[in-house]
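Colleague: This is input.cif, which holds mmCIF, C-alpha atoms:
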data_entry
loop_
_atom_site.label_atom_id
_atom_site.label_comp_id
_atom_site.auth_asym_id
_atom_site.auth_seq_id
_atom_site.Cartn_x
_atom_site.Cartn_y
_atom_site.Cartn_z
CA MET A 1 -8.25 2.97 -15.72
CA PHE A 2 -5.56 4.77 -13.70
CA ASN A 3 -5.15 8.53 -13.95
CA ILE A 4 -3.45 9.08 -10.59
CA ILE A 5 -1.10 7.06 -8.37
CA TYR A 6 0.66 7.74 -5.06
CA PHE A 7 4.11 7.00 -3.67
CA ILE A 8 4.83 7.21 0.05
CA HIS A 9 8.25 8.80 -0.19
CA ASN A 10 10.47 10.79 2.14
CA PRO A 11 12.26 13.22 -0.22
CA LEU A 12 15.43 12.88 1.85
CA THR A 13 15.81 9.18 0.94
CA LYS A 14 17.40 9.63 -2.47
CA ASP A 15 18.50 5.98 -2.60
CA ARG A 16 14.87 5.03 -3.25
CA ASP A 17 14.39 7.22 -6.30
CA ARG A 18 15.56 4.41 -8.57
CA PHE A 19 12.74 2.14 -7.43
CA ILE A 20 10.14 4.84 -8.10
CA TYR A 21 11.73 5.26 -11.53
CA ASN A 22 11.48 1.51 -12.14
CA ILE A 23 7.76 1.49 -11.36
CA LEU A 24 7.07 4.52 -13.52
CA CYS A 25 9.02 3.09 -16.45
CA SER A 26 7.18 -0.23 -16.10
CA ILE A 27 3.66 1.19 -16.00
CA SER A 28 4.40 3.66 -18.82
CA THR A 29 4.41 0.70 -21.22
CA LEU A 30 0.93 -0.48 -20.17
CA PRO A 31 -2.41 0.62 -21.68
CA HIS A 32 -4.09 0.69 -18.24
CA PHE A 33 -2.44 4.01 -17.33
CA SER A 34 -3.18 7.46 -18.68
CA LYS A 35 -0.54 9.16 -20.82
CA GLU A 36 -1.14 12.16 -18.55
CA LEU A 37 -0.75 10.08 -15.40
CA ILE A 38 -0.57 12.17 -12.22
CA VAL A 39 2.14 10.94 -9.83
CA GLU A 40 1.84 12.21 -6.26
CA LYS A 41 4.71 11.73 -3.81
CA VAL A 42 3.31 11.91 -0.29
CA TRP A 43 5.20 12.52 2.93
CA LYS A 44 3.05 14.05 5.65
CA VAL A 45 5.19 13.16 8.65
CA GLY A 46 8.21 11.08 9.65
CA GLY A 47 8.46 8.99 12.80
CA ASP A 48 10.86 11.39 14.54
CA ASP A 49 8.46 14.28 13.93
CA LEU A 50 5.44 12.66 15.58
CA LYS A 51 4.36 14.27 18.85
CA GLU A 52 3.32 12.26 21.87
CA GLU A 53 -0.34 13.22 21.50
CA GLU A 54 -0.30 11.95 17.91
CA LEU A 55 0.89 8.55 19.12
CA LEU A 56 -1.82 8.07 21.74
CA CYS A 57 -4.30 6.52 19.30
CA PHE A 58 -1.83 3.76 18.31
CA LYS A 59 -1.35 0.35 19.91
CA ASN A 60 2.33 -0.55 20.10
CA GLY A 61 3.19 -3.79 18.33
CA ALA A 62 6.69 -2.72 17.34
CA THR A 63 10.07 -3.91 18.63
CA THR A 64 11.56 -0.54 19.69
CA ILE A 65 10.32 3.01 20.26
CA LYS A 66 11.91 4.13 16.98
CA HIS A 67 10.28 1.24 15.12
CA PHE A 68 6.95 2.17 16.74
CA LYS A 69 7.20 5.80 15.63
CA ASN A 70 8.28 4.88 12.10
CA ALA A 71 5.46 2.35 11.84
CA CYS A 72 2.92 4.96 12.98
CA SER A 73 4.33 7.34 10.39
CA LEU A 74 3.69 4.77 7.65
CA VAL A 75 0.07 4.38 8.75
CA ILE A 76 -0.44 8.15 8.75
CA ASN A 77 1.20 8.63 5.36
CA HIS A 78 -0.81 5.76 3.87
CA MET A 79 -4.03 7.31 5.14
CA GLU A 80 -2.96 10.67 3.72
CA CYS A 81 -2.71 9.04 0.28
CA LEU A 82 -6.26 7.75 0.69
CA GLU A 83 -7.45 11.18 1.83
CA GLN A 84 -6.02 12.76 -1.30
CA PHE A 85 -7.46 9.99 -3.47
CA ILE A 86 -11.04 10.32 -2.23
CA SER A 87 -10.79 14.08 -2.72
CA SER A 88 -10.01 13.46 -6.40
CA ASN A 89 -12.45 12.62 -9.19
CA GLU A 90 -10.85 9.23 -9.79
CA GLU A 91 -12.42 5.83 -9.08
CA TYR A 92 -9.19 3.80 -8.82
CA THR A 93 -5.61 4.36 -7.72
CA ILE A 94 -2.49 2.58 -6.50
CA VAL A 95 -0.60 3.40 -3.31
CA PHE A 96 3.06 2.41 -3.65
CA GLU A 97 5.79 2.47 -1.06
CA ASP A 98 9.09 3.75 -2.42
CA ASP A 99 11.01 0.49 -2.08
CA CYS A 100 9.05 -1.67 -4.53
CA TYR A 101 9.82 -2.60 -8.12
CA CYS A 102 8.37 -4.59 -11.00
CA ASN A 103 9.77 -8.11 -11.23
CA ASP A 104 7.90 -9.19 -14.39
CA ILE A 105 6.39 -6.72 -16.86
CA ASN A 106 4.32 -9.36 -18.67
CA LEU A 107 2.87 -10.54 -15.38
CA LEU A 108 2.16 -6.93 -14.45
CA LYS A 109 0.17 -6.47 -17.66
CA THR A 110 -1.77 -9.70 -17.06
CA THR A 111 -2.49 -8.56 -13.50
CA PHE A 112 -3.98 -5.27 -14.65
CA ASP A 113 -5.99 -7.08 -17.32
CA ASN A 114 -7.47 -9.24 -14.55
CA ILE A 115 -8.16 -6.23 -12.34
CA GLN A 116 -9.82 -4.36 -15.19
CA ASN A 117 -12.10 -7.33 -15.79
CA ASN A 118 -13.04 -7.49 -12.10
CA THR A 119 -13.83 -3.95 -11.00
CA ASP A 120 -15.90 -5.01 -7.97
CA PHE A 121 -13.10 -4.87 -5.41
CA ASP A 122 -12.03 -2.74 -2.49
CA THR A 123 -8.30 -3.54 -2.55
CA VAL A 124 -5.88 -5.67 -4.56
CA TYR A 125 -2.36 -6.43 -3.31
CA LEU A 126 0.24 -6.45 -6.09
CA GLY A 127 3.32 -7.37 -4.03
CA ASP A 128 4.54 -10.39 -2.09
CA GLY A 129 6.04 -8.40 0.79
CA CYS A 130 7.38 -10.29 3.79
CA PHE A 131 6.04 -13.69 2.70
CA PRO A 132 7.07 -14.28 -0.95
CA ASN A 133 5.90 -17.90 -0.98
CA ALA A 134 2.64 -17.48 0.93
CA ASN A 135 0.43 -18.34 -2.06
CA LYS A 136 2.79 -20.55 -4.08
CA ASP A 137 0.49 -23.59 -3.99
CA LYS A 138 -2.69 -21.62 -4.70
CA PRO A 139 -4.37 -20.88 -8.06
CA HIS A 140 -3.06 -18.10 -10.26
CA GLY A 141 -5.02 -14.86 -10.58
CA LEU A 142 -6.87 -12.81 -7.99
CA LEU A 143 -7.30 -14.61 -4.67
CA HIS A 144 -10.05 -13.40 -2.34
CA VAL A 145 -8.27 -13.12 1.03
CA ASN A 146 -9.49 -11.63 4.31
CA ALA A 147 -6.02 -10.44 5.33
CA SER A 148 -3.28 -8.01 4.41
CA ARG A 149 0.22 -8.73 3.19
CA CYS A 150 3.08 -6.27 3.34
CA THR A 151 1.79 -3.00 1.97
CA GLU A 152 4.26 -2.00 -0.74
CA ALA A 153 1.73 -1.83 -3.61
CA ILE A 154 -2.04 -1.77 -3.13
CA VAL A 155 -4.73 -1.00 -5.72
CA TYR A 156 -7.74 0.82 -4.22
CA SER A 157 -11.21 1.49 -5.51
CA LYS A 158 -12.76 4.68 -4.19
CA LYS A 159 -15.31 2.72 -2.18
CA GLY A 160 -12.52 0.65 -0.61
CA ALA A 161 -10.53 3.76 0.35
CA LYS A 162 -13.63 5.32 1.92
CA LYS A 163 -14.27 2.18 3.99
CA ILE A 164 -10.68 2.13 5.30
CA LEU A 165 -10.73 5.82 6.19
CA GLU A 166 -14.09 5.59 7.96
CA TYR A 167 -12.76 2.71 10.06
CA TYR A 168 -9.51 4.63 10.68
CA TYR A 169 -11.37 7.65 12.06
CA LYS A 170 -13.37 5.36 14.32
CA SER A 171 -10.25 3.53 15.50
CA LYS A 172 -8.46 6.81 16.23
CA GLN A 173 -11.31 7.95 18.46
CA GLU A 174 -11.16 4.63 20.31
CA LYS A 175 -7.32 4.80 20.50
CA ASN A 176 -7.26 1.43 18.80
CA VAL A 177 -5.10 1.85 15.68
CA PHE A 178 -2.51 -0.93 15.37
CA SER A 179 0.87 0.67 14.70
CA LEU A 180 1.92 -1.92 12.10
CA LEU A 181 0.07 -1.09 8.88
CA ASP A 182 -0.30 -4.64 7.57
CA PHE A 183 -1.71 -5.82 10.92
CA TYR A 184 -4.00 -2.80 11.08
CA LEU A 185 -5.38 -3.42 7.58
CA THR A 186 -6.09 -7.06 8.43
CA ASP A 187 -8.06 -5.73 11.40
CA CYS A 188 -9.97 -3.44 9.00
CA TYR A 189 -10.84 -6.27 6.60
CA SER A 190 -12.19 -8.39 9.44
CA ALA A 191 -14.21 -5.57 10.98
CA ILE A 192 -15.69 -4.03 7.82
CA LYS A 193 -18.71 -5.92 6.53
CA ASP A 194 -18.36 -7.46 3.05
CA TYR A 195 -14.92 -5.98 2.43
CA LYS A 196 -13.53 -7.32 -0.88
CA ASN A 197 -9.77 -7.76 -0.66
CA TYR A 198 -7.61 -9.71 -3.11
CA HIS A 199 -4.02 -10.88 -3.43
CA VAL A 200 -2.47 -11.30 -6.87
CA ASN A 201 -0.83 -14.66 -7.43
CA PRO A 202 1.92 -14.80 -8.60
CA THR A 203 2.95 -11.25 -7.74
CA PRO A 204 4.31 -8.75 -10.31
CA ILE A 205 5.82 -6.50 -7.61
CA HIS A 206 8.67 -7.19 -5.19
CA GLN A 207 9.75 -5.20 -2.13
CA ALA A 208 13.42 -4.23 -2.35
CA THR A 209 14.04 -4.37 1.40
CA ILE A 210 12.84 -8.00 1.56
CA TYR A 211 15.17 -9.00 -1.28
CA GLY A 212 18.18 -7.26 0.30
CA LEU A 213 18.49 -4.52 -2.32
CA ILE A 214 18.12 -1.66 0.15
CA PRO A 215 18.11 -1.31 3.96
CA SER A 216 14.77 -1.02 5.74
CA SER A 217 13.97 2.46 7.05
CA ILE A 218 11.04 1.46 9.25
CA ASN A 219 12.88 -1.02 11.49
CA CYS A 220 15.95 1.10 12.11
#
What would you get if you wrote out this structure as structure tokens?
Modeller:
Amino acid sequence: MFNIIYFIHNPLTKDRDRFIYNILCSISTLPHFSKELIVEKVWKVGGDDLKEEELLCFKNGATTIKHFKNACSLVINHMECLEQFISSNEEYTIVFEDDCYCNDINLLKTTFDNIQNNTDFDTVYLGDGCFPNANKDKPHGLLHVNASRCTEAIVYSKKGAKKILEYYYKSKQEKNVFSLLDFYLTDCYSAIKDYKNYHVNPTPIHQATIYGLIPSSINC
């Protein structure tokens, strides 16, 4: 099912290499991934490198100027992953951030079994992000949800990626891109007709910054 995946990764942040390694080791044991899997590490721009004119299309929902710039950088790098994906011949991919890791390999396998049996989706969130207990009282499996979570691990179909990018171009022209990626994606899901977004419950992926394993780079 998966022949290519993406990591948003600043090559200067060596302390995150171990989390990328964890993900790659985990998925290498699963039949859902090609033995010739292509792994793309994407870093188009960092927050400090963004010029003022590049920031004009973003609405500021951050706490500081540095947070705002770093958040905008994440949006841009995420969209760059989608740009590369839709230019490929693949129908499905995963966009990972470089601070996530597998918390349960058996659950990860079950998750991909469920995804493979339900290919009519735009996006599927694999991680629990900032709200680990958000779905604790809900059924297990794929939950149809019209909202984002934290964005550390998202499965995309090609049609889903195209929808997000089309809305992104439109939002940029209107100078209406929310600087926080999870908030912006929730805006996308509400605005795009019949968008099919799912959360996995329980989640097979954790975000290391949320669990105190590594400092956040976006909020600093």
Colleague: Between A:Gln84, A:Glu91, A:Lys35, A:Lys59, single out the one closest to Leu181 (chain A), counting all atoms listed in the file.
Modeller: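 Answer, going by the shortest atom-to-atom distance: A:Lys59.
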Colleague: Write out as a PyMOL selection string each polymer residue whose atoms come within 9 Å of Ile105 (chain A), counting all atoms listed in the file; drop sequence neighbours fewer than 6 positions from it.
Modeller: chain A and resi 26-27+29-30+204
Colleague: Quick one: apply the PyMOL selection byres ((chain A and resi 122) around 10) to the file and drop the selected residues here as a VMD selection string.
Modeller: chain A and resid 92 119 to 121 123 to 124 155 to 164 189 194 to 198
Colleague: Once the PyMOL selection byres ((chain A and resi 152) around 6) has been applied to the shown file, what residues remain in the selection, as a PyMOL selection string?
Modeller: chain A and resi 96-97+151+153
Colleague: I need the chosen residues saved as a CSV table (one decimal), in the frame of the given file, with C-alpha atoms.
Modeller:
chain,number,residue,atom,x,y,z
A,96,PHE,CA,3.1,2.4,-3.6
A,97,GLU,CA,5.8,2.5,-1.1
A,151,THR,CA,1.8,-3.0,2.0
A,153,ALA,CA,1.7,-1.8,-3.6
Colleague: Identify, on the basis of only C-alpha atoms, every residue whose closest approach to Asn10 (chain A) does not exceed 12 Å; exclude the query and any residue fewer than 4 positions from it along the same chain; express the result as a list of chain:residue names.
Modeller: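 The filter keeps A:Lys14, A:Asp15, A:Arg16, A:Asp17, A:Ile20, A:Lys41, A:Val42, A:Trp43, A:Lys44, A:Val45, A:Gly46, A:Gly47, A:Asn70, A:Ser73, A:Leu74, A:Asn77, A:Glu97, A:Asp98, A:Asp99, A:Ser217, A:Ile218.
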Colleague: Pick the closest to Gly212 (chain A) from A:Ile38, A:Val145, A:Cys100, A:Ser190: which is it, counting only C-alpha atoms?
Modeller: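 Looking at the shortest contact to Gly212 (chain A), the residue is A:Cys100.
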Colleague: From the set A:Met1, A:Leu126, A:Leu55, A:Ala134, which residue has the shortest atom-to-atom contact distance to Val177 (chain A), counting all atoms listed in the file?
Modeller: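 Looking at the shortest contact to Val177 (chain A), the residue is A:Leu55.
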Colleague: Would you place a box with edges along x, y and z of the file around all atoms of region 72-76 of chain A listed there, add 4 Å to each of its six sides, and report the centre and edge lengths in Å to one decimal, as AutoDock Vina command-line options?
Modeller:
--center_x 1.9 --center_y 6.3 --center_z 10.3 --size_x 12.8 --size_y 11.8 --size_z 13.3
Colleague: Tell me which of A:Phe33, A:Tyr101, A:Tyr167, A:Phe19 sits closest to Lys193 (chain A), counting all atoms listed in the file.
Modeller: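 Among the listed residues, A:Tyr167 lies closest to Lys193 (chain A).
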Colleague: Measure the distance from CA of Glu53 (chain A) to CA of His9 (chain A) in Å and round it to one decimal.
Modeller: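 Distance reported for this atom pair: 23.7 Å.
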Colleague: Between A:Ile214, A:Glu36, A:Phe68, A:Lys175, which has the minimum distance to Asp48 (chain A) (counting all atoms listed in the file)?
Modeller: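 Of A:Ile214, A:Glu36, A:Phe68, A:Lys175, the one nearest Asp48 (chain A), counting all atoms listed in the file, is A:Phe68.
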Colleague: Any idea what the distance is between CA of Asn22 (chain A) and CA of Ile4 (chain A)?
Modeller: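 Value for the CA of Asn22 (chain A)-CA of Ile4 (chain A) distance: 16.8 Å.
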Colleague: Which residue gives the smallest distance to Arg18 (chain A) among A:Leu185, A:Ile94, A:Leu82, A:Leu213, with only C-alpha atoms counted?
Modeller: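 Checking each of A:Leu185, A:Ile94, A:Leu82, A:Leu213 against Arg18 (chain A), counting only C-alpha atoms, the winner is A:Leu213.
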Colleague: Selection in question (the file shown): the PyMOL selection byres ((chain A and resi 113) around 12). Which residues does it include, as a PDB file with C-alpha atoms, in the frame of the given file?
Modeller:
ATOM      1  CA  MET A   1      -8.250   2.970 -15.720  1.00  0.00           C
ATOM      2  CA  LEU A  30       0.930  -0.480 -20.170  1.00  0.00           C
ATOM      3  CA  PRO A  31      -2.410   0.620 -21.680  1.00  0.00           C
ATOM      4  CA  HIS A  32      -4.090   0.690 -18.240  1.00  0.00           C
ATOM      5  CA  PHE A  33      -2.440   4.010 -17.330  1.00  0.00           C
ATOM      6  CA  ASN A 106       4.320  -9.360 -18.670  1.00  0.00           C
ATOM      7  CA  LEU A 107       2.870 -10.540 -15.380  1.00  0.00           C
ATOM      8  CA  LEU A 108       2.160  -6.930 -14.450  1.00  0.00           C
ATOM      9  CA  LYS A 109       0.170  -6.470 -17.660  1.00  0.00           C
ATOM     10  CA  THR A 110      -1.770  -9.700 -17.060  1.00  0.00           C
ATOM     11  CA  THR A 111      -2.490  -8.560 -13.500  1.00  0.00           C
ATOM     12  CA  PHE A 112      -3.980  -5.270 -14.650  1.00  0.00           C
ATOM     13  CA  ASN A 114      -7.470  -9.240 -14.550  1.00  0.00           C
ATOM     14  CA  ILE A 115      -8.160  -6.230 -12.340  1.00  0.00           C
ATOM     15  CA  GLN A 116      -9.820  -4.360 -15.190  1.00  0.00           C
ATOM     16  CA  ASN A 117     -12.100  -7.330 -15.790  1.00  0.00           C
ATOM     17  CA  ASN A 118     -13.040  -7.490 -12.100  1.00  0.00           C
ATOM     18  CA  THR A 119     -13.830  -3.950 -11.000  1.00  0.00           C
ATOM     19  CA  GLY A 141      -5.020 -14.860 -10.580  1.00  0.00           C
ATOM     20  CA  LEU A 142      -6.870 -12.810  -7.990  1.00  0.00           C
ATOM     21  CA  VAL A 200      -2.470 -11.300  -6.870  1.00  0.00           C
TER      22      VAL A 200
END
Colleague: Hey, can you check how far CA of Asn176 (chain A) sits from CA of Phe58 (chain A)?
Modeller: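 Interatomic distance, CA of Asn176 (chain A) to CA of Phe58 (chain A): 5.9 Å.
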Colleague: Could you add the missing atoms to region 139-171 of chain A, up to N, CA and C atoms, and return them as a PDB file, in the frame of the given file?
Modeller:
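Once everything was written out, this is part.pdb:
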ATOM      1  N   PRO A 139      -4.117 -21.183  -6.640  1.00  0.00           N
ATOM      2  CA  PRO A 139      -4.370 -20.880  -8.060  1.00  0.00           C
ATOM      3  C   PRO A 139      -3.814 -19.517  -8.455  1.00  0.00           C
ATOM      4  N   HIS A 140      -3.531 -19.372  -9.744  1.00  0.00           N
ATOM      5  CA  HIS A 140      -3.060 -18.100 -10.260  1.00  0.00           C
ATOM      6  C   HIS A 140      -4.245 -17.163 -10.469  1.00  0.00           C
ATOM      7  N   GLY A 141      -3.970 -15.858 -10.375  1.00  0.00           N
ATOM      8  CA  GLY A 141      -5.020 -14.860 -10.580  1.00  0.00           C
ATOM      9  C   GLY A 141      -5.262 -14.061  -9.322  1.00  0.00           C
ATOM     10  N   LEU A 142      -6.487 -13.595  -9.156  1.00  0.00           N
ATOM     11  CA  LEU A 142      -6.870 -12.810  -7.990  1.00  0.00           C
ATOM     12  C   LEU A 142      -7.474 -13.720  -6.933  1.00  0.00           C
ATOM     13  N   LEU A 143      -6.843 -13.758  -5.765  1.00  0.00           N
ATOM     14  CA  LEU A 143      -7.300 -14.610  -4.670  1.00  0.00           C
ATOM     15  C   LEU A 143      -8.047 -13.757  -3.647  1.00  0.00           C
ATOM     16  N   HIS A 144      -9.275 -14.131  -3.344  1.00  0.00           N
ATOM     17  CA  HIS A 144     -10.050 -13.400  -2.340  1.00  0.00           C
ATOM     18  C   HIS A 144      -9.526 -13.802  -0.967  1.00  0.00           C
ATOM     19  N   VAL A 145      -8.941 -12.840  -0.237  1.00  0.00           N
ATOM     20  CA  VAL A 145      -8.270 -13.120   1.030  1.00  0.00           C
ATOM     21  C   VAL A 145      -8.702 -12.075   2.055  1.00  0.00           C
ATOM     22  N   ASN A 146      -9.041 -12.546   3.252  1.00  0.00           N
ATOM     23  CA  ASN A 146      -9.490 -11.630   4.310  1.00  0.00           C
ATOM     24  C   ASN A 146      -8.334 -11.215   5.201  1.00  0.00           C
ATOM     25  N   ALA A 147      -7.211 -10.837   4.571  1.00  0.00           N
ATOM     26  CA  ALA A 147      -6.020 -10.440   5.330  1.00  0.00           C
ATOM     27  C   ALA A 147      -5.120  -9.598   4.452  1.00  0.00           C
ATOM     28  N   SER A 148      -4.277  -8.818   5.096  1.00  0.00           N
ATOM     29  CA  SER A 148      -3.280  -8.010   4.410  1.00  0.00           C
ATOM     30  C   SER A 148      -2.067  -8.869   4.048  1.00  0.00           C
ATOM     31  N   ARG A 149      -1.159  -8.279   3.280  1.00  0.00           N
ATOM     32  CA  ARG A 149       0.220  -8.730   3.190  1.00  0.00           C
ATOM     33  C   ARG A 149       1.055  -7.506   3.527  1.00  0.00           C
ATOM     34  N   CYS A 150       2.342  -7.522   3.232  1.00  0.00           N
ATOM     35  CA  CYS A 150       3.080  -6.270   3.340  1.00  0.00           C
ATOM     36  C   CYS A 150       2.472  -5.283   2.331  1.00  0.00           C
ATOM     37  N   THR A 151       2.647  -4.018   2.579  1.00  0.00           N
ATOM     38  CA  THR A 151       1.790  -3.000   1.970  1.00  0.00           C
ATOM     39  C   THR A 151       2.481  -2.176   0.891  1.00  0.00           C
ATOM     40  N   GLU A 152       3.447  -2.778   0.186  1.00  0.00           N
ATOM     41  CA  GLU A 152       4.260  -2.000  -0.740  1.00  0.00           C
ATOM     42  C   GLU A 152       3.541  -1.548  -2.005  1.00  0.00           C
ATOM     43  N   ALA A 153       2.441  -2.201  -2.373  1.00  0.00           N
ATOM     44  CA  ALA A 153       1.730  -1.830  -3.610  1.00  0.00           C
ATOM     45  C   ALA A 153       0.296  -2.322  -3.520  1.00  0.00           C
ATOM     46  N   ILE A 154      -0.638  -1.412  -3.305  1.00  0.00           N
ATOM     47  CA  ILE A 154      -2.040  -1.770  -3.130  1.00  0.00           C
ATOM     48  C   ILE A 154      -2.905  -0.960  -4.086  1.00  0.00           C
ATOM     49  N   VAL A 155      -3.727  -1.641  -4.873  1.00  0.00           N
ATOM     50  CA  VAL A 155      -4.730  -1.000  -5.720  1.00  0.00           C
ATOM     51  C   VAL A 155      -5.972  -0.747  -4.869  1.00  0.00           C
ATOM     52  N   TYR A 156      -6.515   0.464  -4.955  1.00  0.00           N
ATOM     53  CA  TYR A 156      -7.740   0.820  -4.220  1.00  0.00           C
ATOM     54  C   TYR A 156      -8.827   1.253  -5.189  1.00  0.00           C
ATOM     55  N   SER A 157     -10.046   0.820  -4.931  1.00  0.00           N
ATOM     56  CA  SER A 157     -11.210   1.490  -5.510  1.00  0.00           C
ATOM     57  C   SER A 157     -11.596   2.615  -4.561  1.00  0.00           C
ATOM     58  N   LYS A 158     -12.368   3.564  -5.059  1.00  0.00           N
ATOM     59  CA  LYS A 158     -12.760   4.680  -4.190  1.00  0.00           C
ATOM     60  C   LYS A 158     -13.591   4.178  -3.016  1.00  0.00           C
ATOM     61  N   LYS A 159     -14.482   3.225  -3.278  1.00  0.00           N
ATOM     62  CA  LYS A 159     -15.310   2.720  -2.180  1.00  0.00           C
ATOM     63  C   LYS A 159     -14.463   2.008  -1.135  1.00  0.00           C
ATOM     64  N   GLY A 160     -13.412   1.307  -1.556  1.00  0.00           N
ATOM     65  CA  GLY A 160     -12.520   0.650  -0.610  1.00  0.00           C
ATOM     66  C   GLY A 160     -11.773   1.655   0.241  1.00  0.00           C
ATOM     67  N   ALA A 161     -11.261   2.722  -0.393  1.00  0.00           N
ATOM     68  CA  ALA A 161     -10.530   3.760   0.350  1.00  0.00           C
ATOM     69  C   ALA A 161     -11.437   4.436   1.367  1.00  0.00           C
ATOM     70  N   LYS A 162     -12.687   4.689   0.994  1.00  0.00           N
ATOM     71  CA  LYS A 162     -13.630   5.320   1.920  1.00  0.00           C
ATOM     72  C   LYS A 162     -13.894   4.423   3.126  1.00  0.00           C
ATOM     73  N   LYS A 163     -14.029   3.125   2.892  1.00  0.00           N
ATOM     74  CA  LYS A 163     -14.270   2.180   3.990  1.00  0.00           C
ATOM     75  C   LYS A 163     -13.101   2.184   4.973  1.00  0.00           C
ATOM     76  N   ILE A 164     -11.877   2.156   4.435  1.00  0.00           N
ATOM     77  CA  ILE A 164     -10.680   2.130   5.300  1.00  0.00           C
ATOM     78  C   ILE A 164     -10.589   3.425   6.104  1.00  0.00           C
ATOM     79  N   LEU A 165     -10.829   4.553   5.478  1.00  0.00           N
ATOM     80  CA  LEU A 165     -10.730   5.820   6.190  1.00  0.00           C
ATOM     81  C   LEU A 165     -11.814   5.957   7.258  1.00  0.00           C
ATOM     82  N   GLU A 166     -13.018   5.527   6.961  1.00  0.00           N
ATOM     83  CA  GLU A 166     -14.090   5.590   7.960  1.00  0.00           C
ATOM     84  C   GLU A 166     -13.720   4.752   9.184  1.00  0.00           C
ATOM     85  N   TYR A 167     -13.158   3.564   8.946  1.00  0.00           N
ATOM     86  CA  TYR A 167     -12.760   2.710  10.060  1.00  0.00           C
ATOM     87  C   TYR A 167     -11.563   3.315  10.805  1.00  0.00           C
ATOM     88  N   TYR A 168     -10.680   3.975  10.074  1.00  0.00           N
ATOM     89  CA  TYR A 168      -9.510   4.630  10.680  1.00  0.00           C
ATOM     90  C   TYR A 168      -9.941   5.744  11.630  1.00  0.00           C
ATOM     91  N   TYR A 169     -10.876   6.580  11.187  1.00  0.00           N
ATOM     92  CA  TYR A 169     -11.370   7.650  12.060  1.00  0.00           C
ATOM     93  C   TYR A 169     -11.977   7.075  13.345  1.00  0.00           C
ATOM     94  N   LYS A 170     -12.747   6.023  13.182  1.00  0.00           N
ATOM     95  CA  LYS A 170     -13.370   5.360  14.320  1.00  0.00           C
ATOM     96  C   LYS A 170     -12.313   4.789  15.266  1.00  0.00           C
ATOM     97  N   SER A 171     -11.321   4.129  14.698  1.00  0.00           N
ATOM     98  CA  SER A 171     -10.250   3.530  15.500  1.00  0.00           C
ATOM     99  C   SER A 171      -9.430   4.589  16.222  1.00  0.00           C
TER     100      SER A 171
END
